[in-house]
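A.B. asks: If it helps, the file is called entry-v1.cif and holds mmCIF, C-alpha atoms:
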data_final
loop_
_atom_site.group_PDB
_atom_site.id
_atom_site.type_symbol
_atom_site.label_atom_id
_atom_site.label_comp_id
_atom_site.auth_asym_id
_atom_site.auth_seq_id
_atom_site.Cartn_x
_atom_site.Cartn_y
_atom_site.Cartn_z
ATOM 1 C CA MET A 1 51.287 -8.663 -65.655
ATOM 2 C CA GLY A 2 49.097 -11.332 -67.219
ATOM 3 C CA LEU A 3 51.901 -12.452 -69.518
ATOM 4 C CA THR A 4 54.182 -13.003 -66.521
ATOM 5 C CA LEU A 5 51.656 -15.184 -64.662
ATOM 6 C CA ARG A 6 51.050 -18.925 -64.916
ATOM 7 C CA GLY A 7 48.426 -21.164 -63.406
ATOM 8 C CA SER A 8 51.045 -22.505 -60.999
ATOM 9 C CA ASP A 9 51.386 -19.046 -59.473
ATOM 10 C CA PHE A 10 47.988 -19.556 -57.843
ATOM 11 C CA ALA A 11 48.958 -22.923 -56.308
ATOM 12 C CA LEU A 12 50.363 -21.174 -53.236
ATOM 13 C CA VAL A 13 46.793 -20.408 -52.147
ATOM 14 C CA ALA A 14 46.313 -24.114 -51.440
ATOM 15 C CA LYS A 15 49.804 -24.689 -50.054
ATOM 16 C CA ARG A 16 50.017 -21.642 -47.759
ATOM 17 C CA PRO A 17 46.517 -20.205 -47.456
ATOM 18 C CA TRP A 18 47.231 -18.419 -44.171
ATOM 19 C CA ALA A 19 50.103 -16.350 -45.578
ATOM 20 C CA VAL A 20 48.115 -15.388 -48.668
ATOM 21 C CA LEU A 21 45.001 -14.548 -46.633
ATOM 22 C CA VAL A 22 46.950 -12.360 -44.203
ATOM 23 C CA GLY A 23 48.629 -10.506 -47.050
ATOM 24 C CA VAL A 24 45.498 -9.877 -49.102
ATOM 25 C CA VAL A 25 43.430 -8.795 -46.087
ATOM 26 C CA ALA A 26 46.226 -6.427 -45.047
ATOM 27 C CA GLN A 27 46.289 -5.038 -48.599
ATOM 28 C CA PHE A 28 42.605 -4.135 -48.643
ATOM 29 C CA VAL A 29 42.379 -2.971 -45.020
ATOM 30 C CA ILE A 30 45.599 -1.088 -44.263
ATOM 31 C CA MET A 31 46.057 0.997 -47.420
ATOM 32 C CA PRO A 32 42.461 2.250 -47.878
ATOM 33 C CA LEU A 33 42.134 3.256 -44.222
ATOM 34 C CA LEU A 34 45.598 4.830 -44.266
ATOM 35 C CA ALA A 35 44.688 6.854 -47.370
ATOM 36 C CA TRP A 36 41.614 8.262 -45.650
ATOM 37 C CA ALA A 37 43.447 8.931 -42.374
ATOM 38 C CA VAL A 38 46.608 10.445 -43.880
ATOM 39 C CA GLY A 39 44.571 12.579 -46.270
ATOM 40 C CA GLY A 40 42.574 13.932 -43.347
ATOM 41 C CA LEU A 41 45.731 14.461 -41.280
ATOM 42 C CA TYR A 42 47.246 16.636 -44.007
ATOM 43 C CA GLY A 43 43.992 18.522 -44.479
ATOM 44 C CA LEU A 44 43.327 17.269 -48.001
ATOM 45 C CA THR A 45 39.810 17.716 -49.333
ATOM 46 C CA GLY A 46 37.871 17.249 -52.556
ATOM 47 C CA MET A 47 39.643 15.586 -55.472
ATOM 48 C CA ALA A 48 42.981 15.417 -53.630
ATOM 49 C CA LEU A 49 41.487 13.318 -50.839
ATOM 50 C CA LEU A 50 39.520 11.243 -53.340
ATOM 51 C CA GLY A 51 42.721 10.609 -55.275
ATOM 52 C CA MET A 52 44.410 9.347 -52.104
ATOM 53 C CA ILE A 53 41.476 6.983 -51.507
ATOM 54 C CA LEU A 54 41.647 5.746 -55.105
ATOM 55 C CA VAL A 55 45.302 4.834 -54.636
ATOM 56 C CA GLY A 56 44.681 3.199 -51.268
ATOM 57 C CA SER A 57 41.794 1.116 -52.588
ATOM 58 C CA ALA A 58 43.721 -0.250 -55.584
ATOM 59 C CA PRO A 59 45.255 -3.749 -55.604
ATOM 60 C CA GLY A 60 48.981 -4.401 -55.372
ATOM 61 C CA GLY A 61 51.266 -3.073 -58.094
ATOM 62 C CA THR A 62 53.149 -5.245 -60.578
ATOM 63 C CA ALA A 63 56.547 -3.732 -59.720
ATOM 64 C CA SER A 64 56.212 -5.190 -56.227
ATOM 65 C CA ASN A 65 57.246 -8.643 -57.432
ATOM 66 C CA VAL A 66 60.583 -7.325 -58.701
ATOM 67 C CA ILE A 67 61.166 -5.351 -55.501
ATOM 68 C CA VAL A 68 60.478 -8.424 -53.346
ATOM 69 C CA TYR A 69 62.842 -10.515 -55.468
ATOM 70 C CA LEU A 70 65.631 -7.925 -55.210
ATOM 71 C CA GLY A 71 65.038 -7.619 -51.462
ATOM 72 C CA LYS A 72 65.369 -11.398 -50.974
ATOM 73 C CA GLY A 73 61.754 -11.750 -49.923
ATOM 74 C CA ASP A 74 59.238 -14.492 -50.682
ATOM 75 C CA THR A 75 58.728 -13.873 -54.399
ATOM 76 C CA ALA A 76 56.175 -16.678 -54.806
ATOM 77 C CA LEU A 77 54.021 -15.146 -52.069
ATOM 78 C CA SER A 78 54.393 -11.708 -53.646
ATOM 79 C CA VAL A 79 53.296 -12.923 -57.078
ATOM 80 C CA THR A 80 50.326 -14.786 -55.609
ATOM 81 C CA MET A 81 49.239 -11.787 -53.541
ATOM 82 C CA THR A 82 49.423 -9.501 -56.579
ATOM 83 C CA ALA A 83 47.391 -11.954 -58.648
ATOM 84 C CA ILE A 84 44.723 -12.542 -55.976
ATOM 85 C CA SER A 85 44.335 -8.859 -55.085
ATOM 86 C CA THR A 86 43.985 -8.054 -58.795
ATOM 87 C CA LEU A 87 41.241 -10.662 -59.203
ATOM 88 C CA LEU A 88 39.420 -9.258 -56.164
ATOM 89 C CA ALA A 89 39.838 -5.619 -57.207
ATOM 90 C CA PRO A 90 36.689 -5.334 -59.375
ATOM 91 C CA PHE A 91 34.605 -6.186 -56.307
ATOM 92 C CA LEU A 92 36.539 -4.690 -53.384
ATOM 93 C CA THR A 93 38.001 -1.514 -54.894
ATOM 94 C CA PRO A 94 34.620 0.068 -55.820
ATOM 95 C CA LEU A 95 33.163 -0.829 -52.412
ATOM 96 C CA LEU A 96 36.107 0.766 -50.608
ATOM 97 C CA ILE A 97 36.001 3.922 -52.738
ATOM 98 C CA LEU A 98 32.280 4.418 -52.243
ATOM 99 C CA TRP A 99 32.585 3.712 -48.501
ATOM 100 C CA LEU A 100 35.500 6.025 -47.748
ATOM 101 C CA ALA A 101 34.837 8.818 -50.232
ATOM 102 C CA ASP A 102 32.110 11.440 -50.168
ATOM 103 C CA GLU A 103 28.614 9.959 -50.250
ATOM 104 C CA THR A 104 27.641 12.462 -52.952
ATOM 105 C CA LEU A 105 29.998 10.976 -55.552
ATOM 106 C CA ASP A 106 28.212 10.841 -58.869
ATOM 107 C CA VAL A 107 29.419 7.345 -59.698
ATOM 108 C CA GLY A 108 28.032 3.921 -58.876
ATOM 109 C CA PHE A 109 29.488 0.533 -58.053
ATOM 110 C CA MET A 110 28.837 -0.878 -61.529
ATOM 111 C CA ASP A 111 30.599 2.064 -63.202
ATOM 112 C CA LEU A 112 33.782 1.415 -61.222
ATOM 113 C CA PHE A 113 33.381 -2.352 -61.535
ATOM 114 C CA GLY A 114 33.178 -2.110 -65.325
ATOM 115 C CA SER A 115 36.236 0.140 -65.549
ATOM 116 C CA ILE A 116 38.367 -2.187 -63.427
ATOM 117 C CA LEU A 117 37.291 -5.161 -65.531
ATOM 118 C CA GLN A 118 38.411 -3.336 -68.674
ATOM 119 C CA VAL A 119 41.622 -1.834 -67.315
ATOM 120 C CA VAL A 120 42.934 -4.674 -65.162
ATOM 121 C CA LEU A 121 41.091 -7.972 -64.963
ATOM 122 C CA ILE A 122 40.381 -8.701 -68.640
ATOM 123 C CA PRO A 123 43.943 -7.827 -69.805
ATOM 124 C CA VAL A 124 45.475 -9.905 -66.990
ATOM 125 C CA LEU A 125 43.308 -12.934 -67.756
ATOM 126 C CA ALA A 126 44.025 -12.498 -71.468
ATOM 127 C CA GLY A 127 47.754 -12.445 -70.737
ATOM 128 C CA ILE A 128 47.517 -15.662 -68.721
ATOM 129 C CA VAL A 129 45.679 -17.358 -71.589
ATOM 130 C CA VAL A 130 48.211 -16.139 -74.172
ATOM 131 C CA ARG A 131 51.099 -17.452 -72.076
ATOM 132 C CA ALA A 132 49.364 -20.796 -71.664
ATOM 133 C CA ILE A 133 48.874 -21.068 -75.436
ATOM 134 C CA ALA A 134 52.132 -19.550 -76.685
ATOM 135 C CA GLY A 135 54.466 -20.037 -73.755
ATOM 136 C CA LYS A 136 57.705 -20.279 -75.757
ATOM 137 C CA PHE A 137 56.999 -17.056 -77.621
ATOM 138 C CA VAL A 138 56.079 -15.204 -74.424
ATOM 139 C CA GLU A 139 59.256 -16.454 -72.704
ATOM 140 C CA LYS A 140 61.276 -14.562 -75.314
ATOM 141 C CA LEU A 141 59.347 -11.373 -74.518
ATOM 142 C CA LEU A 142 59.577 -11.589 -70.715
ATOM 143 C CA PRO A 143 62.885 -9.653 -70.409
ATOM 144 C CA TYR A 144 61.306 -6.702 -72.226
ATOM 145 C CA LEU A 145 57.949 -6.596 -70.430
ATOM 146 C CA PRO A 146 59.221 -4.502 -67.472
ATOM 147 C CA LEU A 147 60.331 -1.820 -69.953
ATOM 148 C CA VAL A 148 56.873 -1.821 -71.535
ATOM 149 C CA SER A 149 55.289 -1.480 -68.094
ATOM 150 C CA VAL A 150 57.618 1.324 -67.025
ATOM 151 C CA GLY A 151 57.098 3.123 -70.327
ATOM 152 C CA GLY A 152 53.326 2.982 -69.896
ATOM 153 C CA ILE A 153 53.496 4.304 -66.342
ATOM 154 C CA VAL A 154 55.839 7.133 -67.397
ATOM 155 C CA LEU A 155 53.323 8.236 -70.034
ATOM 156 C CA VAL A 156 50.521 8.148 -67.456
ATOM 157 C CA VAL A 157 52.546 10.218 -64.984
ATOM 158 C CA LEU A 158 53.562 12.787 -67.599
ATOM 159 C CA GLY A 159 49.976 13.146 -68.777
ATOM 160 C CA VAL A 160 48.602 13.564 -65.258
ATOM 161 C CA VAL A 161 51.247 16.089 -64.205
ATOM 162 C CA ALA A 162 50.798 18.089 -67.418
ATOM 163 C CA ALA A 163 47.031 18.241 -66.870
ATOM 164 C CA ASN A 164 47.526 19.427 -63.282
ATOM 165 C CA ALA A 165 50.386 21.910 -63.622
ATOM 166 C CA GLN A 166 48.673 24.580 -61.508
ATOM 167 C CA THR A 167 47.690 22.105 -58.801
ATOM 168 C CA VAL A 168 51.249 20.764 -58.670
ATOM 169 C CA LEU A 169 52.598 24.283 -58.183
ATOM 170 C CA SER A 170 50.072 25.223 -55.494
ATOM 171 C CA THR A 171 49.599 22.053 -53.448
ATOM 172 C CA GLY A 172 52.168 19.669 -54.894
ATOM 173 C CA LEU A 173 54.463 19.669 -51.847
ATOM 174 C CA LEU A 174 51.674 18.955 -49.340
ATOM 175 C CA LEU A 175 50.225 16.225 -51.548
ATOM 176 C CA ALA A 176 53.682 14.718 -52.080
ATOM 177 C CA LEU A 177 54.210 14.559 -48.300
ATOM 178 C CA ALA A 178 50.853 12.833 -47.903
ATOM 179 C CA VAL A 179 51.724 10.293 -50.606
ATOM 180 C CA ILE A 180 55.134 9.589 -49.057
ATOM 181 C CA THR A 181 53.577 9.142 -45.608
ATOM 182 C CA HIS A 182 50.916 6.824 -47.027
ATOM 183 C CA ASN A 183 53.494 4.622 -48.736
ATOM 184 C CA LEU A 184 55.957 4.451 -45.832
ATOM 185 C CA LEU A 185 53.265 3.660 -43.269
ATOM 186 C CA GLY A 186 51.900 0.988 -45.616
ATOM 187 C CA LEU A 187 55.316 -0.665 -45.849
ATOM 188 C CA LEU A 188 55.769 -0.475 -42.073
ATOM 189 C CA LEU A 189 52.304 -1.718 -41.110
ATOM 190 C CA GLY A 190 52.419 -4.460 -43.732
ATOM 191 C CA TYR A 191 55.673 -5.744 -42.250
ATOM 192 C CA GLY A 192 54.348 -5.419 -38.712
ATOM 193 C CA THR A 193 51.151 -7.311 -39.541
ATOM 194 C CA ALA A 194 53.073 -10.180 -41.126
ATOM 195 C CA LYS A 195 55.413 -10.328 -38.149
ATOM 196 C CA ALA A 196 52.513 -10.288 -35.680
ATOM 197 C CA VAL A 197 50.957 -13.389 -37.276
ATOM 198 C CA GLY A 198 54.254 -15.281 -37.337
ATOM 199 C CA LEU A 199 55.366 -15.174 -40.991
ATOM 200 C CA ASP A 200 59.076 -15.723 -41.572
ATOM 201 C CA ARG A 201 61.425 -12.932 -42.633
ATOM 202 C CA ALA A 202 60.984 -13.536 -46.366
ATOM 203 C CA GLY A 203 57.209 -13.600 -45.953
ATOM 204 C CA ARG A 204 57.250 -10.376 -43.941
ATOM 205 C CA ARG A 205 59.194 -8.640 -46.666
ATOM 206 C CA ALA A 206 56.754 -9.826 -49.317
ATOM 207 C CA VAL A 207 53.690 -8.650 -47.394
ATOM 208 C CA SER A 208 55.337 -5.324 -46.581
ATOM 209 C CA VAL A 209 56.029 -4.536 -50.224
ATOM 210 C CA GLU A 210 52.697 -5.862 -51.473
ATOM 211 C CA VAL A 211 50.823 -3.674 -49.001
ATOM 212 C CA GLY A 212 52.950 -0.571 -49.542
ATOM 213 C CA MET A 213 53.116 -0.634 -53.360
ATOM 214 C CA GLN A 214 49.842 0.007 -55.175
ATOM 215 C CA ASN A 215 48.560 -0.294 -58.734
ATOM 216 C CA SER A 216 48.706 3.463 -59.187
ATOM 217 C CA GLY A 217 48.046 3.119 -62.915
ATOM 218 C CA LEU A 218 44.585 1.746 -62.140
ATOM 219 C CA ALA A 219 43.944 4.577 -59.663
ATOM 220 C CA ALA A 220 44.922 7.159 -62.282
ATOM 221 C CA SER A 221 42.692 5.499 -64.869
ATOM 222 C CA LEU A 222 39.681 5.483 -62.547
ATOM 223 C CA ALA A 223 40.295 9.130 -61.681
ATOM 224 C CA ALA A 224 40.528 10.193 -65.311
ATOM 225 C CA THR A 225 37.486 8.151 -66.368
ATOM 226 C CA HIS A 226 35.028 8.893 -63.577
ATOM 227 C CA PHE A 227 36.260 12.034 -61.798
ATOM 228 C CA THR A 228 38.662 14.855 -62.725
ATOM 229 C CA PRO A 229 42.334 15.045 -63.747
ATOM 230 C CA ALA A 230 43.111 16.457 -60.288
ATOM 231 C CA ALA A 231 41.990 13.181 -58.693
ATOM 232 C CA ALA A 232 44.701 11.380 -60.688
ATOM 233 C CA LEU A 233 47.541 13.477 -59.268
ATOM 234 C CA PRO A 234 48.042 11.422 -56.057
ATOM 235 C CA ALA A 235 48.321 8.291 -58.226
ATOM 236 C CA ALA A 236 50.976 9.912 -60.416
ATOM 237 C CA LEU A 237 53.012 11.022 -57.411
ATOM 238 C CA PHE A 238 52.589 7.629 -55.749
ATOM 239 C CA SER A 239 53.751 5.892 -58.929
ATOM 240 C CA VAL A 240 57.048 7.758 -58.886
ATOM 241 C CA TRP A 241 57.636 7.601 -55.150
ATOM 242 C CA HIS A 242 56.779 3.966 -54.390
ATOM 243 C CA ASN A 243 59.279 2.741 -56.959
ATOM 244 C CA LEU A 244 62.001 4.862 -55.358
ATOM 245 C CA SER A 245 61.143 3.785 -51.812
ATOM 246 C CA GLY A 246 60.726 0.162 -52.897
ATOM 247 C CA ALA A 247 64.092 0.093 -54.632
ATOM 248 C CA GLY A 248 65.766 1.655 -51.597
ATOM 249 C CA LEU A 249 64.120 -0.817 -49.229
ATOM 250 C CA ALA A 250 65.082 -3.784 -51.435
ATOM 251 C CA THR A 251 68.709 -2.628 -51.468
ATOM 252 C CA TRP A 252 68.759 -2.277 -47.675
ATOM 253 C CA TRP A 253 67.149 -5.683 -47.149
ATOM 254 C CA ALA A 254 69.542 -7.362 -49.582
ATOM 255 C CA ARG A 255 72.501 -6.009 -47.616
ATOM 256 C CA ARG A 256 70.943 -7.202 -44.343
ATOM 257 C CA SER A 257 69.823 -10.595 -45.634
ATOM 258 C CA GLY A 258 71.306 -12.361 -42.634
ATOM 259 C CA THR A 259 69.481 -10.196 -40.070
ATOM 260 C CA ARG A 260 65.906 -9.698 -38.968
#
Please, can you express the file's structure as structure tokens?

C.D. replies:
Amino acid sequence: MGLTLRGSDFALVAKRPWAVLVGVVAQFVIMPLLAWAVGGLYGLTGMALLGMILVGSAPGGTASNVIVYLGKGDTALSVTMTAISTLLAPFLTPLLILWLADETLDVGFMDLFGSILQVVLIPVLAGIVVRAIAGKFVEKLLPYLPLVSVGGIVLVVLGVVAANAQTVLSTGLLLALAVITHNLLGLLLGYGTAKAVGLDRAGRRAVSVEVGMQNSGLAASLAATHFTPAAALPAALFSVWHNLSGAGLATWWARRSGTR
């Protein structure tokens, strides 16, 4: 993600602060609360519910930018929202997890903060610096970076599913339904929020996807580092599903590009 970003990607904050603010606030309000509510609705408890909250409290996912582009949305807004939510994640994600999850969690703010710095923020900032220094070299790599990202996520998903084979067999269907509901409601409420505040169609599409698609890799990493492998299962399922739903939504939007 860092290698795909440039300093100019943050300029939209000054040009269209309202759109960026609406999107980022929606990201960190809608998805965490939905995770808690949907998990409770489906009767999830323990590590399954915690895993849902981890996913909901994560920043936007990197694949969202591609989905917005394919769906003829506001790609610049999408990229900016992903970047800003990622920068805010070390502060907001731990607070949301500790607020919504069980008060007896044996993990503190600084533990989660440090993990997010290592897993997300430092690599992203390093990528931005590398692109600024060696832009021509990075440009040659850009077409291959999505494959690297997808390959990494596939390995994460395979590892999580393998470590939770029994859980998948016993509660996999219920958890999958919860994950699907979480994602679809996030897409819907993200679009509705953007429409309510008057963003244009392209902006609504960008906010919808940014809200509905999460950095599930970060959620899985936090689960594996600070909790149990079972807490990473919702992130693995979300990682697979949100790419399918996002691709389907982008295809539908692209075909209806002349409609609202």

A.B. asks: Provide the CA of Gly135 in chain A to CA of Phe10 in chain A distance in Å, to one decimal place.

C.D. replies: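 Spanning CA of Gly135 in chain A to CA of Phe10 in chain A is a straight-line distance of 17.2 Å.
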
A.B. asks: How far is it from CA of Leu77 in chain A to CA of Leu147 in chain A, in Å with one decimal?

C.D. replies: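 According to the coordinates, CA of Leu77 in chain A and CA of Leu147 in chain A are separated by 23.2 Å.
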
A.B. asks: Using only C-alpha atoms, find each residue in range 32-87 of chain A having at least one atom no more than 8 Å away from range 225-243 of chain A; report its shortest atom-to-atom pair and that distance in Å (one decimal), rows by chain then rising number, as JSON lines.

C.D. replies:
{"residue": "A:Met47", "atom": "CA", "partner": "A:Ala231", "partner_atom": "CA", "distance": 4.7}
{"residue": "A:Ala48", "atom": "CA", "partner": "A:Ala231", "partner_atom": "CA", "distance": 5.6}
{"residue": "A:Leu49", "atom": "CA", "partner": "A:Ala231", "partner_atom": "CA", "distance": 7.9}
{"residue": "A:Leu50", "atom": "CA", "partner": "A:Ala231", "partner_atom": "CA", "distance": 6.2}
{"residue": "A:Gly51", "atom": "CA", "partner": "A:Ala231", "partner_atom": "CA", "distance": 4.3}
{"residue": "A:Met52", "atom": "CA", "partner": "A:Pro234", "partner_atom": "CA", "distance": 5.8}
{"residue": "A:Leu54", "atom": "CA", "partner": "A:Ala235", "partner_atom": "CA", "distance": 7.8}
{"residue": "A:Val55", "atom": "CA", "partner": "A:Ala235", "partner_atom": "CA", "distance": 5.8}
{"residue": "A:Ala63", "atom": "CA", "partner": "A:Asn243", "partner_atom": "CA", "distance": 7.5}

A.B. asks: When you draw a straight line from CA of Thr86 in chain A to CA of Gly60 in chain A, how long is it in Å?

C.D. replies: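 Value for the CA of Thr86 in chain A-CA of Gly60 in chain A distance: 7.1 Å.
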
A.B. asks: Which is closer to Val207 in chain A than all the others in A:Lys195, A:Arg256, A:Lys15, A:Lys136, using only C-alpha atoms?

C.D. replies: A:Lys195

A.B. asks: Sorted by chain and rising residue number, list the residues of range 41-118 of chain A at most 9 Å from range 176-190 of chain A (counting all atoms listed in the file), each with its closest atom pair and distance in Å to one decimal, as a tab-separated table.

C.D. replies:
residue	atom	partner	partner_atom	distance
A:Leu41	CA	A:Ala178	CA	8.5
A:Tyr42	CA	A:Ala178	CA	6.5
A:Leu44	CA	A:Ala178	CA	8.7
A:Met52	CA	A:Val179	CA	7.5
A:Gly56	CA	A:His182	CA	8.4

A.B. asks: Would you mind exporting C-alpha atoms of the selected residues as a PDB file, keeping the file's coordinate frame?

C.D. replies:
ATOM      1  CA  LEU A  41      45.731  14.461 -41.280  1.00  0.00           C
ATOM      2  CA  TYR A  42      47.246  16.636 -44.007  1.00  0.00           C
ATOM      3  CA  LEU A  44      43.327  17.269 -48.001  1.00  0.00           C
ATOM      4  CA  MET A  52      44.410   9.347 -52.104  1.00  0.00           C
ATOM      5  CA  GLY A  56      44.681   3.199 -51.268  1.00  0.00           C
TER       6      GLY A  56
END

A.B. asks: Excluding Ile128 in chain A and any residue of its chain fewer than 3 positions from it, enumerate the residues within 6 Å of it, using all atoms listed in the file, and give them as number ranges by chain.

C.D. replies: A: 2-3, 5, 125, 131

A.B. asks: Using all atoms listed in the file, list the residues that have an atom at most 12 Å from (51.7, -15.3, -72.6), coordinates as in the file, as a PyMOL selection string.

C.D. replies: chain A and resi 1-7+123-142+145

A.B. asks: With C-alpha atoms kept, could you save the residues just selected as a tab-separated table (two decimals), in the coordinates of the input?

C.D. replies:
chain	number	residue	atom	x	y	z
A	1	MET	CA	51.29	-8.66	-65.66
A	2	GLY	CA	49.10	-11.33	-67.22
A	3	LEU	CA	51.90	-12.45	-69.52
A	4	THR	CA	54.18	-13.00	-66.52
A	5	LEU	CA	51.66	-15.18	-64.66
A	6	ARG	CA	51.05	-18.92	-64.92
A	7	GLY	CA	48.43	-21.16	-63.41
A	123	PRO	CA	43.94	-7.83	-69.81
A	124	VAL	CA	45.48	-9.90	-66.99
A	125	LEU	CA	43.31	-12.93	-67.76
A	126	ALA	CA	44.02	-12.50	-71.47
A	127	GLY	CA	47.75	-12.44	-70.74
A	128	ILE	CA	47.52	-15.66	-68.72
A	129	VAL	CA	45.68	-17.36	-71.59
A	130	VAL	CA	48.21	-16.14	-74.17
A	131	ARG	CA	51.10	-17.45	-72.08
A	132	ALA	CA	49.36	-20.80	-71.66
A	133	ILE	CA	48.87	-21.07	-75.44
A	134	ALA	CA	52.13	-19.55	-76.68
A	135	GLY	CA	54.47	-20.04	-73.76
A	136	LYS	CA	57.70	-20.28	-75.76
A	137	PHE	CA	57.00	-17.06	-77.62
A	138	VAL	CA	56.08	-15.20	-74.42
A	139	GLU	CA	59.26	-16.45	-72.70
A	140	LYS	CA	61.28	-14.56	-75.31
A	141	LEU	CA	59.35	-11.37	-74.52
A	142	LEU	CA	59.58	-11.59	-70.72
A	145	LEU	CA	57.95	-6.60	-70.43

A.B. asks: Out of A:Val209, A:Leu98, A:Leu12, A:Ala196, which residue has the shortest atom-to-atom distance to Gly248 in chain A when counting all atoms listed in the file?

C.D. replies: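 Result for the nearest residue to Gly248 in chain A: A:Val209.
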
A.B. asks: As a check of understanding, name the residues that the PyMOL selection byres ((chain A and resi 19) around 9) selects in the supplied structure, as a list in words.

C.D. replies: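 Evaluating the PyMOL selection byres ((chain A and resi 19) around 9) on this file yields Val13, Arg16, Pro17, Trp18, Val20, Leu21, Val22, Gly23, Val24, Leu77, Ala194, Val197, Leu199, Gly203 and Val207 of chain A.
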
A.B. asks: Mind writing the picked residues with C-alpha atoms as a short mmCIF file (atom, residue, chain, number, x, y, z; two decimals), in the frame of the given file?

C.D. replies:
data_model
loop_
_atom_site.label_atom_id
_atom_site.label_comp_id
_atom_site.auth_asym_id
_atom_site.auth_seq_id
_atom_site.Cartn_x
_atom_site.Cartn_y
_atom_site.Cartn_z
CA VAL A 13 46.79 -20.41 -52.15
CA ARG A 16 50.02 -21.64 -47.76
CA PRO A 17 46.52 -20.20 -47.46
CA TRP A 18 47.23 -18.42 -44.17
CA VAL A 20 48.12 -15.39 -48.67
CA LEU A 21 45.00 -14.55 -46.63
CA VAL A 22 46.95 -12.36 -44.20
CA GLY A 23 48.63 -10.51 -47.05
CA VAL A 24 45.50 -9.88 -49.10
CA LEU A 77 54.02 -15.15 -52.07
CA ALA A 194 53.07 -10.18 -41.13
CA VAL A 197 50.96 -13.39 -37.28
CA LEU A 199 55.37 -15.17 -40.99
CA GLY A 203 57.21 -13.60 -45.95
CA VAL A 207 53.69 -8.65 -47.39
#

A.B. asks: Which is closest to Ser149 in chain A among A:Gly73, A:Gly217, A:Gly212, A:Gly43, if we use all atoms listed in the file?

C.D. replies: A:Gly217

A.B. asks: Excluding Thr75 in chain A and its own-chain neighbours fewer than 3 positions away, which residues fall within 7 Å of it when counting only C-alpha atoms? Please give them as a list in words.

C.D. replies: Asn65, Val68, Tyr69, Ser78, Val79 and Ala206 of chain A

A.B. asks: Pick out the closest residue to Leu218 in chain A from this set: A:Leu249, A:Leu158, A:Ala58, A:Met81. Count all atoms listed in the file.

C.D. replies: A:Ala58

A.B. asks: With all atoms listed in the file as the atoms that count, which of A:Ala11, A:Val38, A:Met213, A:Leu121 lies nearest to Ala247 in chain A?

C.D. replies: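 Among the listed residues, the smallest separation from Ala247 in chain A belongs to A:Met213.
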
A.B. asks: Using all atoms listed in the file, can you tell me which of A:Gly152, A:Glu210, A:Leu222, A:Phe28 comes closest to Leu117 in chain A?

C.D. replies: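 Distance minimum relative to Leu117 in chain A lands on A:Leu222.
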
A.B. asks: Quick one: residues within 8 Å of Leu70 in chain A, all atoms listed in the file, excluding same-chain residues fewer than 2 positions away - as a PyMOL selection string?

C.D. replies: chain A and resi 66-68+72-73+250-251+254

A.B. asks: How would you write, as a ChimeraX atom specification, the residues chosen by the PyMOL selection byres ((chain A and resi 103-115) around 8) on this structure?

C.D. replies: /A:90-91,94-95,98-99,101-102,116-119,222,226

A.B. asks: Hey, can I get the axis-aligned box for range 8-18 of chain A? All listed atoms, 4 Å padding on each side, centre and edge lengths in Å to one decimal, as lines of an AutoDock Vina configuration file.

C.D. replies:
center_x = 48.8
center_y = -21.6
center_z = -52.6
size_x = 13.1
size_y = 14.3
size_z = 24.8
